[in-house]
file model_6.csv (CSV, C-alpha atoms)
chain,number,residue,atom,x,y,z
A,1,MET,CA,15.3,15.9,17.9
A,2,LYS,CA,11.9,15.0,19.3
A,3,ILE,CA,10.1,17.0,16.6
A,4,LYS,CA,12.0,15.1,13.9
A,5,VAL,CA,10.8,11.8,15.3
A,6,VAL,CA,7.2,13.1,15.3
A,7,GLY,CA,7.8,14.4,11.7
A,8,ASP,CA,9.1,11.0,10.6
A,9,ASN,CA,6.0,9.3,12.1
A,10,ILE,CA,3.7,11.7,10.2
A,11,MET,CA,5.6,11.1,7.0
A,12,GLN,CA,5.4,7.3,7.5
A,13,LYS,CA,1.6,7.6,8.1
A,14,MET,CA,1.2,9.7,5.0
A,15,LYS,CA,3.2,7.2,2.9
A,16,PHE,CA,1.0,4.4,4.3
A,17,GLU,CA,-2.2,6.2,3.6
A,18,THR,CA,-1.1,7.1,0.1
A,19,ALA,CA,-0.1,3.5,-0.6
A,20,LYS,CA,-3.4,2.3,0.7
A,21,LYS,CA,-5.3,4.8,-1.5
A,22,ILE,CA,-3.4,3.8,-4.6
A,23,LEU,CA,-3.9,0.1,-3.9
A,24,THR,CA,-7.6,0.5,-3.2
A,25,LYS,CA,-8.0,2.4,-6.4
A,26,ARG,CA,-6.2,-0.3,-8.4
A,27,ALA,CA,-8.3,-3.0,-6.8
A,28,GLU,CA,-11.6,-1.3,-7.2
A,29,GLU,CA,-11.3,0.5,-10.5
A,30,PHE,CA,-8.9,-1.8,-12.4
A,31,TYR,CA,-10.0,-5.3,-11.2
A,32,GLY,CA,-13.5,-4.5,-9.7
A,33,LYS,CA,-12.4,-6.2,-6.5
A,34,THR,CA,-11.6,-5.2,-2.9
A,35,LEU,CA,-8.3,-4.0,-1.4
A,36,GLU,CA,-8.2,-7.2,0.7
A,37,TRP,CA,-8.5,-9.3,-2.5
A,38,LEU,CA,-5.6,-7.5,-4.1
A,39,ILE,CA,-3.4,-7.8,-1.0
A,40,ASN,CA,-4.2,-11.5,-0.7
A,41,GLN,CA,-3.3,-12.1,-4.4
A,42,MET,CA,0.0,-10.2,-4.0
A,43,ASP,CA,0.8,-12.2,-0.9
A,44,ASN,CA,0.4,-15.3,-3.0
A,45,GLY,CA,2.8,-14.1,-5.7
A,46,PHE,CA,0.5,-12.1,-8.0
A,47,ASP,CA,2.7,-9.9,-10.1
A,48,GLU,CA,1.9,-6.2,-10.6
A,49,ASN,CA,3.5,-3.1,-12.1
A,50,GLN,CA,6.4,-1.4,-10.3
A,51,THR,CA,4.3,1.4,-8.7
A,52,ILE,CA,1.8,-1.1,-7.3
A,53,MET,CA,4.6,-3.3,-6.0
A,54,LYS,CA,6.2,-0.3,-4.2
A,55,CYS,CA,2.8,0.6,-2.7
A,56,TYR,CA,2.3,-3.0,-1.6
A,57,LYS,CA,5.7,-3.0,0.2
A,58,VAL,CA,4.9,0.3,2.0
A,59,PHE,CA,1.4,-1.0,2.9
A,60,LYS,CA,2.8,-4.3,4.3
A,61,GLN,CA,5.4,-2.4,6.4
A,62,GLY,CA,2.8,0.0,7.7
A,63,LYS,CA,0.5,-2.8,8.8
A,64,LYS,CA,3.1,-4.3,11.2
call {"tool": "encode", "arguments": {"input": "model_6.csv", "output": "structure tokens"}}
result
Amino acid sequence: MKIKVVGDNIMQKMKFETAKKILTKRAEEFYGKTLEWLINQMDNGFDENQTIMKCYKVFKQGKK
């Protein structure tokens, strides 16, 4: 059971890192801005496509 908990933590970290990578790429390559800019815009209601919205949710949950 202990191994499963460690495995879950690793999976959560991988999901967070993947989400951060996707968001960073979107911010830098699509908008020419920083990740912080994109997160701030989305915090204030900026609408994005479904994939970016999912990554944003994972990113926000991982930052807590």
call {"tool": "residues_near_point", "arguments": {"input": "model_6.csv", "point": "(-1.6, 3.5, -1.2)", "cutoff": "10 Å", "atoms": "all atoms listed in the file", "output": "mmCIF file with C-alpha atoms, in the frame of the given file"}}
result
data_model
loop_
_atom_site.group_PDB
_atom_site.id
_atom_site.type_symbol
_atom_site.label_atom_id
_atom_site.label_comp_id
_atom_site.auth_asym_id
_atom_site.auth_seq_id
_atom_site.Cartn_x
_atom_site.Cartn_y
_atom_site.Cartn_z
ATOM 1 C CA MET A 14 1.200 9.700 5.000
ATOM 2 C CA LYS A 15 3.200 7.200 2.900
ATOM 3 C CA PHE A 16 1.000 4.400 4.300
ATOM 4 C CA GLU A 17 -2.200 6.200 3.600
ATOM 5 C CA THR A 18 -1.100 7.100 0.100
ATOM 6 C CA ALA A 19 -0.100 3.500 -0.600
ATOM 7 C CA LYS A 20 -3.400 2.300 0.700
ATOM 8 C CA LYS A 21 -5.300 4.800 -1.500
ATOM 9 C CA ILE A 22 -3.400 3.800 -4.600
ATOM 10 C CA LEU A 23 -3.900 0.100 -3.900
ATOM 11 C CA THR A 24 -7.600 0.500 -3.200
ATOM 12 C CA LYS A 25 -8.000 2.400 -6.400
ATOM 13 C CA ARG A 26 -6.200 -0.300 -8.400
ATOM 14 C CA THR A 51 4.300 1.400 -8.700
ATOM 15 C CA ILE A 52 1.800 -1.100 -7.300
ATOM 16 C CA LYS A 54 6.200 -0.300 -4.200
ATOM 17 C CA CYS A 55 2.800 0.600 -2.700
ATOM 18 C CA TYR A 56 2.300 -3.000 -1.600
ATOM 19 C CA LYS A 57 5.700 -3.000 0.200
ATOM 20 C CA VAL A 58 4.900 0.300 2.000
ATOM 21 C CA PHE A 59 1.400 -1.000 2.900
#
call {"tool": "atom_distance", "arguments": {"input": "model_6.csv", "atom1": "CA of Asn40 (chain A)", "atom2": "CA of Lys13 (chain A)"}}
result
21.8 Å
call {"tool": "closest_residue", "arguments": {"input": "model_6.csv", "among": "A:Gln41, A:Glu28, A:Thr34, A:Met11", "to": "Met53 (chain A)", "atoms": "all atoms listed in the file"}}
result
A:Gln41
call {"tool": "atom_distance", "arguments": {"input": "model_6.csv", "atom1": "CA of Lys60 (chain A)", "atom2": "CA of Asn44 (chain A)"}}
result
13.4 Å
call {"tool": "atom_distance", "arguments": {"input": "model_6.csv", "atom1": "CA of Gly62 (chain A)", "atom2": "CA of Asn9 (chain A)"}}
result
10.8 Å
